[in-house]
Amino acid sequence: MAKIKVNTNEKKGRISKYIYGQFAEHLGRCIYEGIYVGKDSNIENINGMRCDVVSALRELDIPVLRWPGGCFADDYHWRDGIGPKEDRPYMVNTNWGNVVENNHFGTHEFFELVNQLGTEPYICGNVGSGTVQEMRDWVEYMTFGGDSPLANERRKNGQDEPWKLKFFGVGNENWGCGGQMRPEYYADQYMRFSTFIRDYGEEPLYKIVGGPNQDDTEWMEVMMQKTAKNAGGVSLHNYTCTRGFKNKGSSLSDSAEDYFLLINDALRMEKVIQTHEKIMDKYDPEKKTGLIVDEWGNWFDVMPGTNPGFLYQQNTIRDAICAMLILHIFQNHCDRVYMANIAQIVNVLQSMILTDGEKMVKTPTYYLFKMMKNHMDSELLGIEYESPSYTKNGITVPKLSVNASEKSGEYLVTLCNTSVTDSEDVVIELDRAVSSASAVCMSAKSLSDFNDFDKEETVKPTDIPINCNGDTLTFTLPKMSVCAVSIK
Ligand code: AHR
């Protein structure tokens with residue numbers, strides 16, 4: 001039996017809503033087909049955005065959406081994506097399968113999507129193959145409300161008012177696909193590019209430095225030394241794989257060993273964050289610079305028979321468990337982690353939604369985000385618990401992961417049980433009387449169960465019984481499950 005004490009008076013910090021951010025890249029079937037089908041499509045759409053996908057995503061209250069990449073961002077020239085569609089030049093998407101990109105989804109379409117989703121935009125600019133002028137002009141085009149040739153061009157293209165834009169990334173993975181730069185060289189480029197990104201809107205832009213991959217401490221050191229004072233945050237990318245990036249494994253593996261390795265790799269996020277936090281604290285003890293984990297999630301081998309450049313994978317309870325473990329880690333570091341964007345929103349890597357032509361399914365990761373969404377903009381609470389653990393081949397993994405938060409007098413406790421074999425009886429004890437509580441859990445019969453097109457959903461949350469007595473709640477956490485307990 002696991003006993004969890006929730007100290008409702010111990011406020012540990014505000015959980016930024018942006019931790020629940022999403023990412024949409026021009027990659028595979030993410031934008032085209034997954035989100036944007038064009039006005040003439042047989043699939044029901046509003047201004048080209050498919051209604052089924054948008055309406056499902058709206059239920060997640062997505063706080064921020066990153067676009068257009070990823071690696072695509074440093075190959076993207078925004079001017080190709082404005083004006084009449086028939087006049088937009090097409091290009092080869094060399095990062096992702098060498099497919100033709102017709103640029104029908106551009107700046108105006110992105111803001112239309114942001115508007116339909118009720119989210120905030122986060123745009124990543126092109127440092128790798130772009131120019132300072134191109135980047136500065138894009139920002140003026142989007143955000144200047146006065147009389148200027150660029151603002152007037154935006155008006156001519158159908159958008160009178162400037163768009164609200166807070167988050168702007170200055171390049172992506174500039175140590176790799178964004179230009180293979182040395183940290184010192186990129187830091188200089190960041191300073192140069194960002195100097196010319198002006199603030200035209202009411203609020204200053206929150207500029208994001210292209211940060212390190214995984215535990216690249218040298219990159220973080222240089223960014224903190226040379227760029228952080230002129231930025232809002234520094235990004236970090238860290239993906240989860242079964243046996244490392246060269247041996248990612250199948251998204252539908254039902255092997256207990258693969259699962260164990262995957263969980264262990266998801267938990268590596270704690271170490272990665274701690275490592276970078278230490279460096280950031282050295283240069284910024286007041287914690288003004290945000291850590292922006294703008295790419296994270298499970299990355300597996302592509303599904304057999306699909307385009308290797310499209311990064312299409314399936315989604316199971318393993319993904320939901322990994323996502324909860326990682327979101328808990330971000331929340332535990334909420335004094336530094338200001339934003340995170342899971343990769344990616346539809347049809348790519350660890351998606352919320354998968355589509356097949358006009359069909360659509362919600363993945364276990366979608367449901368996990370829905371179960372956890374009330375943590376957004378809440379206060380993280382102090383908790384005490386001891387987790388049982390299990391060991392395999394010298395690696396020890398905790399059985400439980402728990403977070404609790406408070407918002408407007410209501411509490412949310414999210415828990416996961418990583419064990420494939422054993423359920424866990426749980427007692428939650430609060431330091432105050434509880435008037436009502438409900439619990440919702442998601443588990444699966446097998447590690448490889450997934451929600452398939454045209455079939456009944458097999459992995460989705462259901463209500464479970466919970467006993468409430470004074471200040472104490474008791475219930476059983478099923479094996480390999482994620483749960484959310486709402487308490488009043
Ligand atoms: O999310 C897929 C890719 O992973 C992104 O384009 C890139 O930034 C990262 O390497």
# chains A, B, ... in the order shown; residues from 1 in each chain; ligands from 1
>>> residues_near_ligand(ligand="ligand 1", cutoff="9 Å", atoms="only C-alpha atoms and all ligand atoms", output="ChimeraX atom specification")
/A:23-27,69-73,95-96,172-173,176-178,213,237,239,294-297,299,311,342-344,348-349
>>> write_last_selection(atoms="N, CA and C atoms", output="short mmCIF file (atom, residue, chain, number, x, y, z; two decimals), in the first residue's frame")
data_model
loop_
_atom_site.label_atom_id
_atom_site.label_comp_id
_atom_site.auth_asym_id
_atom_site.auth_seq_id
_atom_site.Cartn_x
_atom_site.Cartn_y
_atom_site.Cartn_z
N PHE A 23 3.55 21.11 -30.63
CA PHE A 23 4.50 21.43 -31.71
C PHE A 23 3.96 20.87 -33.02
N ALA A 24 3.89 21.70 -34.05
CA ALA A 24 3.44 21.26 -35.37
C ALA A 24 4.48 21.66 -36.41
N GLU A 25 5.05 20.68 -37.08
CA GLU A 25 6.09 20.96 -38.08
C GLU A 25 5.57 20.57 -39.47
N HIS A 26 6.15 21.17 -40.49
CA HIS A 26 5.88 20.72 -41.85
C HIS A 26 6.67 19.43 -42.04
N LEU A 27 6.11 18.36 -41.59
CA LEU A 27 6.79 17.07 -41.54
C LEU A 27 5.74 15.99 -41.75
N GLY A 69 8.83 24.59 -37.52
CA GLY A 69 9.73 23.47 -37.25
C GLY A 69 10.38 23.76 -35.94
N GLY A 70 11.24 22.88 -35.51
CA GLY A 70 11.91 21.77 -36.14
C GLY A 70 12.91 22.17 -37.23
N CYS A 71 13.52 21.10 -37.75
CA CYS A 71 14.52 21.28 -38.80
C CYS A 71 13.95 22.08 -39.98
N PHE A 72 12.65 21.95 -40.23
CA PHE A 72 12.05 22.66 -41.35
C PHE A 72 12.20 24.18 -41.19
N ALA A 73 12.23 24.65 -39.94
CA ALA A 73 12.24 26.10 -39.70
C ALA A 73 13.46 26.77 -40.33
N ASN A 95 14.40 18.07 -45.49
CA ASN A 95 14.58 17.44 -44.18
C ASN A 95 13.72 16.20 -44.04
N TRP A 96 12.54 16.25 -44.64
CA TRP A 96 11.54 15.23 -44.34
C TRP A 96 11.00 14.57 -45.60
N ASN A 172 16.57 26.72 -34.84
CA ASN A 172 16.28 25.41 -34.23
C ASN A 172 17.48 24.49 -34.41
N GLU A 173 17.85 23.80 -33.35
CA GLU A 173 18.94 22.83 -33.40
C GLU A 173 20.09 23.33 -34.27
N GLY A 176 22.95 21.25 -35.23
CA GLY A 176 22.71 20.12 -36.13
C GLY A 176 22.05 20.60 -37.41
N CYS A 177 20.78 20.17 -37.61
CA CYS A 177 20.11 20.50 -38.88
C CYS A 177 19.97 22.00 -39.10
N GLY A 178 20.09 22.80 -38.05
CA GLY A 178 19.96 24.25 -38.20
C GLY A 178 21.27 24.95 -38.55
N ASN A 213 21.15 19.97 -27.12
CA ASN A 213 20.53 18.66 -27.25
C ASN A 213 20.88 17.87 -26.01
N HIS A 237 16.23 20.19 -26.23
CA HIS A 237 15.56 19.06 -26.87
C HIS A 237 16.02 17.77 -26.22
N TYR A 239 14.64 13.69 -26.44
CA TYR A 239 13.66 12.65 -26.81
C TYR A 239 13.90 11.38 -26.01
N ASP A 294 11.37 22.63 -25.91
CA ASP A 294 10.41 22.74 -27.01
C ASP A 294 10.39 21.55 -27.96
N GLU A 295 11.10 20.48 -27.61
CA GLU A 295 10.90 19.19 -28.28
C GLU A 295 11.17 18.09 -27.28
N TRP A 296 10.17 17.26 -27.03
CA TRP A 296 10.34 16.10 -26.17
C TRP A 296 9.28 15.07 -26.56
N GLY A 297 9.46 13.86 -26.09
CA GLY A 297 8.46 12.81 -26.36
C GLY A 297 9.14 11.52 -26.77
N TRP A 299 10.25 8.67 -29.24
CA TRP A 299 10.62 8.59 -30.67
C TRP A 299 10.94 7.13 -30.96
N LEU A 311 8.10 10.00 -39.99
CA LEU A 311 8.11 9.78 -38.54
C LEU A 311 6.72 9.45 -37.97
N ILE A 342 5.48 19.06 -26.69
CA ILE A 342 5.64 17.65 -27.07
C ILE A 342 5.65 17.55 -28.59
N ALA A 343 6.48 16.62 -29.11
CA ALA A 343 6.60 16.44 -30.55
C ALA A 343 5.85 15.14 -30.93
N GLN A 344 4.91 15.30 -31.83
CA GLN A 344 4.27 16.48 -32.39
C GLN A 344 2.76 16.29 -32.37
N VAL A 348 2.77 12.68 -36.21
CA VAL A 348 4.23 12.64 -36.18
C VAL A 348 4.70 12.37 -34.76
N LEU A 349 5.56 11.38 -34.59
CA LEU A 349 6.12 11.01 -33.28
C LEU A 349 4.99 10.80 -32.26
#
>>> residues_around(residues="Asn332 in chain A", least_positions_apart="3", cutoff="9 Å", atoms="only C-alpha atoms", output="PyMOL selection string")
chain A and resi 12-13+15+327-329+335+337+380+403
>>> residues_around(residues="Asp356 in chain A", least_positions_apart="5", cutoff="10 Å", atoms="only C-alpha atoms", output="list in words")
Arg29, Glu33, Gly34, Asn347, Val361 and Phe453 of chain A
>>> residues_around(residues="Glu112 in chain A", least_positions_apart="4", cutoff="8 Å", atoms="only C-alpha atoms", output="list in words")
Asn47, His108 and Gln116 of chain A
>>> select_by_dssp(residues="range 298-438 of chain A", states="strand (DSSP E or B)", output="PyMOL selection string")
chain A and resi 298+337-343+346+353-356+359-362+379-385+389-392+395-398+400-407+410-417+424-430+437-438
>>> closest_atom_pairs(of="range 178-265 of chain A", to="range 118-138 of chain A", cutoff="8 Å", atoms="only C-alpha atoms", output="JSON lines")
{"residue": "A:Gly178", "atom": "CA", "partner": "A:Gly128", "partner_atom": "CA", "distance": 4.9}
{"residue": "A:Gly179", "atom": "CA", "partner": "A:Gly128", "partner_atom": "CA", "distance": 4.8}
{"residue": "A:Gln189", "atom": "CA", "partner": "A:Val127", "partner_atom": "CA", "distance": 7.7}
{"residue": "A:Arg192", "atom": "CA", "partner": "A:Val132", "partner_atom": "CA", "distance": 7.6}
{"residue": "A:Phe193", "atom": "CA", "partner": "A:Val132", "partner_atom": "CA", "distance": 5.3}
{"residue": "A:Phe196", "atom": "CA", "partner": "A:Arg136", "partner_atom": "CA", "distance": 5.6}
{"residue": "A:Ile197", "atom": "CA", "partner": "A:Arg136", "partner_atom": "CA", "distance": 4.9}
{"residue": "A:Arg198", "atom": "CA", "partner": "A:Arg136", "partner_atom": "CA", "distance": 7.1}
>>> atom_distance(atom1="CA of Gly211 in chain A", atom2="CA of Asn238 in chain A")
10.8 Å
>>> residues_around(residues="range 282-291 of chain A", least_positions_apart="2", cutoff="6 Å", atoms="only C-alpha atoms", output="JSON list (two decimals) with all heavy atoms, in the first residue's frame")
[["chain", "number", "residue", "atom", "x", "y", "z"],
["A", 232, "GLY", "N", 14.38, 35.58, -23.53],
["A", 232, "GLY", "CA", 13.45, 35.17, -22.48],
["A", 232, "GLY", "C", 13.82, 33.79, -21.97],
["A", 232, "GLY", "O", 13.82, 33.54, -20.77],
["A", 233, "GLY", "N", 14.16, 32.89, -22.90],
["A", 233, "GLY", "CA", 14.46, 31.53, -22.50],
["A", 233, "GLY", "C", 15.45, 30.85, -23.43],
["A", 233, "GLY", "O", 15.75, 31.36, -24.51],
["A", 234, "VAL", "N", 15.92, 29.71, -22.98],
["A", 234, "VAL", "CA", 16.84, 28.89, -23.79],
["A", 234, "VAL", "C", 16.15, 27.54, -23.98],
["A", 234, "VAL", "O", 15.63, 26.96, -23.02],
["A", 234, "VAL", "CB", 18.19, 28.67, -23.06],
["A", 234, "VAL", "CG1", 19.12, 27.79, -23.90],
["A", 234, "VAL", "CG2", 18.85, 30.01, -22.76],
["A", 235, "SER", "N", 16.18, 27.05, -25.22],
["A", 235, "SER", "CA", 15.47, 25.80, -25.47],
["A", 235, "SER", "C", 16.32, 24.57, -25.13],
["A", 235, "SER", "O", 17.54, 24.68, -24.93],
["A", 235, "SER", "CB", 15.00, 25.74, -26.93],
["A", 235, "SER", "OG", 16.04, 25.31, -27.76],
["A", 279, "ILE", "N", 23.73, 24.75, -14.47],
["A", 279, "ILE", "CA", 24.46, 25.76, -15.27],
["A", 279, "ILE", "C", 23.66, 27.06, -15.30],
["A", 279, "ILE", "O", 24.20, 28.15, -15.10],
["A", 279, "ILE", "CB", 24.69, 25.24, -16.70],
["A", 279, "ILE", "CG1", 25.53, 23.97, -16.67],
["A", 279, "ILE", "CG2", 25.36, 26.32, -17.57],
["A", 279, "ILE", "CD1", 25.58, 23.23, -17.99],
["A", 280, "MET", "N", 22.36, 26.95, -15.50],
["A", 280, "MET", "CA", 21.53, 28.16, -15.58],
["A", 280, "MET", "C", 21.55, 28.90, -14.25],
["A", 280, "MET", "O", 21.64, 30.13, -14.21],
["A", 280, "MET", "CB", 20.09, 27.79, -15.98],
["A", 280, "MET", "CG", 20.01, 27.21, -17.39],
["A", 280, "MET", "SD", 18.35, 26.73, -17.87],
["A", 280, "MET", "CE", 17.71, 28.26, -18.55],
["A", 336, "ARG", "N", 11.98, 26.70, -13.11],
["A", 336, "ARG", "CA", 12.88, 26.92, -14.25],
["A", 336, "ARG", "C", 12.22, 26.54, -15.59],
["A", 336, "ARG", "O", 12.42, 27.21, -16.59],
["A", 336, "ARG", "CB", 14.16, 26.10, -14.04],
["A", 336, "ARG", "CG", 15.24, 26.36, -15.04],
["A", 336, "ARG", "CD", 15.70, 27.79, -15.08],
["A", 336, "ARG", "NE", 16.80, 28.09, -14.19],
["A", 336, "ARG", "CZ", 17.40, 29.29, -14.12],
["A", 336, "ARG", "NH1", 17.01, 30.29, -14.91],
["A", 336, "ARG", "NH2", 18.37, 29.51, -13.26],
["A", 337, "VAL", "N", 11.44, 25.47, -15.58],
["A", 337, "VAL", "CA", 10.83, 25.04, -16.86],
["A", 337, "VAL", "C", 9.57, 25.88, -17.10],
["A", 337, "VAL", "O", 8.58, 25.75, -16.40],
["A", 337, "VAL", "CB", 10.48, 23.53, -16.84],
["A", 337, "VAL", "CG1", 9.83, 23.12, -18.17],
["A", 337, "VAL", "CG2", 11.72, 22.69, -16.59],
["A", 338, "TYR", "N", 9.66, 26.73, -18.10],
["A", 338, "TYR", "CA", 8.57, 27.67, -18.36],
["A", 338, "TYR", "C", 7.67, 27.18, -19.50],
["A", 338, "TYR", "O", 6.49, 27.48, -19.56],
["A", 338, "TYR", "CB", 9.17, 29.03, -18.72],
["A", 338, "TYR", "CG", 8.16, 30.12, -18.99],
["A", 338, "TYR", "CD1", 7.21, 30.48, -18.02],
["A", 338, "TYR", "CD2", 8.15, 30.80, -20.21],
["A", 338, "TYR", "CE1", 6.29, 31.48, -18.28],
["A", 338, "TYR", "CE2", 7.23, 31.80, -20.47],
["A", 338, "TYR", "CZ", 6.29, 32.14, -19.50],
["A", 338, "TYR", "OH", 5.38, 33.13, -19.75]]
>>> closest_residue(among="A:Asn103, A:Ser401, A:Thr363, A:Thr414", to="Arg88 in chain A", atoms="only C-alpha atoms")
A:Asn103
>>> residues_around(residues="Val420 in chain A", least_positions_apart="6", cutoff="10 Å", atoms="only C-alpha atoms", output="number ranges by chain")
A: 256, 259-260, 399, 444-447, 478-481
>>> write_last_selection(atoms="all heavy atoms", output="JSON list (two decimals), in the first residue's frame")
[["chain", "number", "residue", "atom", "x", "y", "z"],
["A", 256, "ALA", "N", 8.23, -6.66, -22.15],
["A", 256, "ALA", "CA", 8.37, -6.01, -20.85],
["A", 256, "ALA", "C", 9.75, -5.39, -20.71],
["A", 256, "ALA", "O", 9.92, -4.35, -20.06],
["A", 256, "ALA", "CB", 8.13, -7.03, -19.74],
["A", 259, "TYR", "N", 9.80, -2.09, -22.55],
["A", 259, "TYR", "CA", 9.01, -1.13, -21.76],
["A", 259, "TYR", "C", 9.85, -0.58, -20.61],
["A", 259, "TYR", "O", 9.89, 0.62, -20.35],
["A", 259, "TYR", "CB", 7.76, -1.84, -21.24],
["A", 259, "TYR", "CG", 7.01, -1.08, -20.18],
["A", 259, "TYR", "CD1", 6.23, 0.03, -20.51],
["A", 259, "TYR", "CD2", 7.07, -1.48, -18.85],
["A", 259, "TYR", "CE1", 5.53, 0.71, -19.52],
["A", 259, "TYR", "CE2", 6.38, -0.79, -17.87],
["A", 259, "TYR", "CZ", 5.63, 0.31, -18.20],
["A", 259, "TYR", "OH", 4.94, 0.99, -17.23],
["A", 260, "PHE", "N", 10.55, -1.49, -19.93],
["A", 260, "PHE", "CA", 11.37, -1.10, -18.80],
["A", 260, "PHE", "C", 12.46, -0.10, -19.24],
["A", 260, "PHE", "O", 12.70, 0.92, -18.59],
["A", 260, "PHE", "CB", 11.99, -2.37, -18.20],
["A", 260, "PHE", "CG", 12.72, -2.14, -16.94],
["A", 260, "PHE", "CD1", 12.04, -1.99, -15.75],
["A", 260, "PHE", "CD2", 14.11, -2.08, -16.92],
["A", 260, "PHE", "CE1", 12.72, -1.78, -14.56],
["A", 260, "PHE", "CE2", 14.80, -1.86, -15.75],
["A", 260, "PHE", "CZ", 14.10, -1.71, -14.57],
["A", 399, "LYS", "N", 8.11, 2.60, -8.92],
["A", 399, "LYS", "CA", 6.80, 2.12, -9.38],
["A", 399, "LYS", "C", 5.82, 3.29, -9.55],
["A", 399, "LYS", "O", 5.00, 3.29, -10.45],
["A", 399, "LYS", "CB", 6.25, 1.13, -8.35],
["A", 399, "LYS", "CG", 5.00, 0.42, -8.78],
["A", 399, "LYS", "CD", 4.60, -0.63, -7.74],
["A", 399, "LYS", "CE", 3.30, -1.32, -8.13],
["A", 399, "LYS", "NZ", 2.77, -2.14, -7.05],
["A", 444, "ALA", "N", -4.40, -0.44, -19.90],
["A", 444, "ALA", "CA", -4.63, -1.21, -21.12],
["A", 444, "ALA", "C", -4.43, -2.68, -20.79],
["A", 444, "ALA", "O", -3.73, -3.01, -19.84],
["A", 444, "ALA", "CB", -3.66, -0.77, -22.21],
["A", 445, "LYS", "N", -5.05, -3.53, -21.60],
["A", 445, "LYS", "CA", -4.88, -4.97, -21.35],
["A", 445, "LYS", "C", -3.46, -5.39, -21.70],
["A", 445, "LYS", "O", -2.86, -6.22, -21.05],
["A", 445, "LYS", "CB", -5.88, -5.76, -22.21],
["A", 445, "LYS", "CG", -7.30, -5.68, -21.68],
["A", 445, "LYS", "CD", -8.11, -6.91, -22.11],
["A", 445, "LYS", "CE", -9.53, -6.84, -21.59],
["A", 445, "LYS", "NZ", -10.41, -6.01, -22.43],
["A", 446, "SER", "N", -2.95, -4.79, -22.78],
["A", 446, "SER", "CA", -1.60, -5.16, -23.21],
["A", 446, "SER", "C", -0.80, -3.90, -23.51],
["A", 446, "SER", "O", -1.37, -2.85, -23.83],
["A", 446, "SER", "CB", -1.73, -6.05, -24.46],
["A", 446, "SER", "OG", -0.80, -5.67, -25.42],
["A", 447, "LEU", "N", 0.52, -4.02, -23.39],
["A", 447, "LEU", "CA", 1.39, -2.87, -23.64],
["A", 447, "LEU", "C", 1.24, -2.34, -25.07],
["A", 447, "LEU", "O", 1.53, -1.18, -25.34],
["A", 447, "LEU", "CB", 2.86, -3.27, -23.42],
["A", 447, "LEU", "CG", 3.32, -3.40, -21.97],
["A", 447, "LEU", "CD1", 4.69, -4.06, -21.90],
["A", 447, "LEU", "CD2", 3.36, -2.03, -21.29],
["A", 478, "PRO", "N", -4.57, 0.77, -10.92],
["A", 478, "PRO", "CA", -4.35, -0.45, -11.71],
["A", 478, "PRO", "C", -2.90, -0.55, -12.19],
["A", 478, "PRO", "O", -2.18, 0.45, -12.24],
["A", 478, "PRO", "CB", -5.28, -0.28, -12.90],
["A", 478, "PRO", "CG", -6.25, 0.78, -12.53],
["A", 478, "PRO", "CD", -5.56, 1.67, -11.54],
["A", 479, "LYS", "N", -2.50, -1.75, -12.56],
["A", 479, "LYS", "CA", -1.14, -1.91, -13.12],
["A", 479, "LYS", "C", -1.05, -1.10, -14.43],
["A", 479, "LYS", "O", -2.06, -0.86, -15.08],
["A", 479, "LYS", "CB", -0.84, -3.38, -13.37],
["A", 479, "LYS", "CG", -1.76, -4.03, -14.36],
["A", 479, "LYS", "CD", -1.44, -5.49, -14.51],
["A", 479, "LYS", "CE", -2.28, -6.04, -15.66],
["A", 479, "LYS", "NZ", -2.22, -7.44, -15.85],
["A", 480, "MET", "N", 0.16, -0.73, -14.78],
["A", 480, "MET", "CA", 0.47, 0.15, -15.93],
["A", 480, "MET", "C", -0.68, 1.13, -16.24],
["A", 480, "MET", "O", -1.36, 1.02, -17.24],
["A", 480, "MET", "CB", 0.89, -0.64, -17.17],
["A", 480, "MET", "CG", -0.01, -1.75, -17.60],
["A", 480, "MET", "SD", 0.76, -2.57, -19.02],
["A", 480, "MET", "CE", -0.65, -3.44, -19.68],
["A", 481, "SER", "N", -0.79, 2.09, -15.34],
["A", 481, "SER", "CA", -1.90, 3.04, -15.50],
["A", 481, "SER", "C", -1.47, 4.46, -15.18],
["A", 481, "SER", "O", -0.45, 4.69, -14.51],
["A", 481, "SER", "CB", -3.05, 2.66, -14.56],
["A", 481, "SER", "OG", -2.68, 2.91, -13.22]]
>>> residues_around(residues="Ser16 in chain A", least_positions_apart="2", cutoff="9 Å", atoms="only C-alpha atoms", output="short mmCIF file (atom, residue, chain, number, x, y, z; two decimals) with N, CA, C and O atoms, in the first residue's frame")
data_model
loop_
_atom_site.label_atom_id
_atom_site.label_comp_id
_atom_site.auth_asym_id
_atom_site.auth_seq_id
_atom_site.Cartn_x
_atom_site.Cartn_y
_atom_site.Cartn_z
N ARG A 14 4.47 28.09 -9.16
CA ARG A 14 3.39 28.07 -10.15
C ARG A 14 3.79 27.19 -11.34
O ARG A 14 4.89 27.31 -11.87
N TYR A 18 2.30 26.83 -20.04
CA TYR A 18 2.99 26.55 -21.30
C TYR A 18 3.72 25.20 -21.30
O TYR A 18 4.18 24.74 -22.34
N ILE A 19 3.82 24.57 -20.12
CA ILE A 19 4.42 23.23 -20.06
C ILE A 19 3.59 22.24 -20.88
O ILE A 19 4.07 21.22 -21.35
N TYR A 20 2.30 22.58 -21.09
CA TYR A 20 1.41 21.69 -21.85
C TYR A 20 1.34 22.09 -23.33
O TYR A 20 0.35 21.84 -24.01
N GLN A 331 6.99 19.70 -13.99
CA GLN A 331 6.26 20.42 -12.93
C GLN A 331 7.10 20.54 -11.67
O GLN A 331 7.08 21.57 -11.00
N CYS A 334 9.25 23.57 -11.85
CA CYS A 334 8.47 24.67 -12.45
C CYS A 334 9.08 26.04 -12.17
O CYS A 334 8.67 27.03 -12.76
N ASP A 335 10.07 26.10 -11.29
CA ASP A 335 10.74 27.39 -11.11
C ASP A 335 11.70 27.68 -12.27
O ASP A 335 12.21 28.79 -12.40
N VAL A 337 11.44 25.47 -15.58
CA VAL A 337 10.83 25.04 -16.86
C VAL A 337 9.57 25.88 -17.10
O VAL A 337 8.58 25.75 -16.40
N TYR A 338 9.66 26.73 -18.10
CA TYR A 338 8.57 27.67 -18.36
C TYR A 338 7.67 27.18 -19.50
O TYR A 338 6.49 27.48 -19.56
N MET A 339 8.27 26.44 -20.42
CA MET A 339 7.47 25.93 -21.54
C MET A 339 8.00 24.57 -21.95
O MET A 339 9.20 24.28 -21.78
N HIS A 375 -3.66 20.96 -14.23
CA HIS A 375 -2.42 21.41 -13.59
C HIS A 375 -1.96 22.77 -14.16
O HIS A 375 -1.17 23.47 -13.54
N MET A 376 -2.46 23.10 -15.35
CA MET A 376 -1.99 24.33 -16.00
C MET A 376 -2.29 25.54 -15.14
O MET A 376 -3.43 25.73 -14.70
N ASP A 377 -1.27 26.36 -14.93
CA ASP A 377 -1.41 27.59 -14.15
C ASP A 377 -1.90 27.34 -12.73
O ASP A 377 -2.61 28.18 -12.15
N SER A 378 -1.55 26.19 -12.17
CA SER A 378 -1.94 25.90 -10.78
C SER A 378 -0.70 26.02 -9.90
O SER A 378 0.41 26.26 -10.40
#
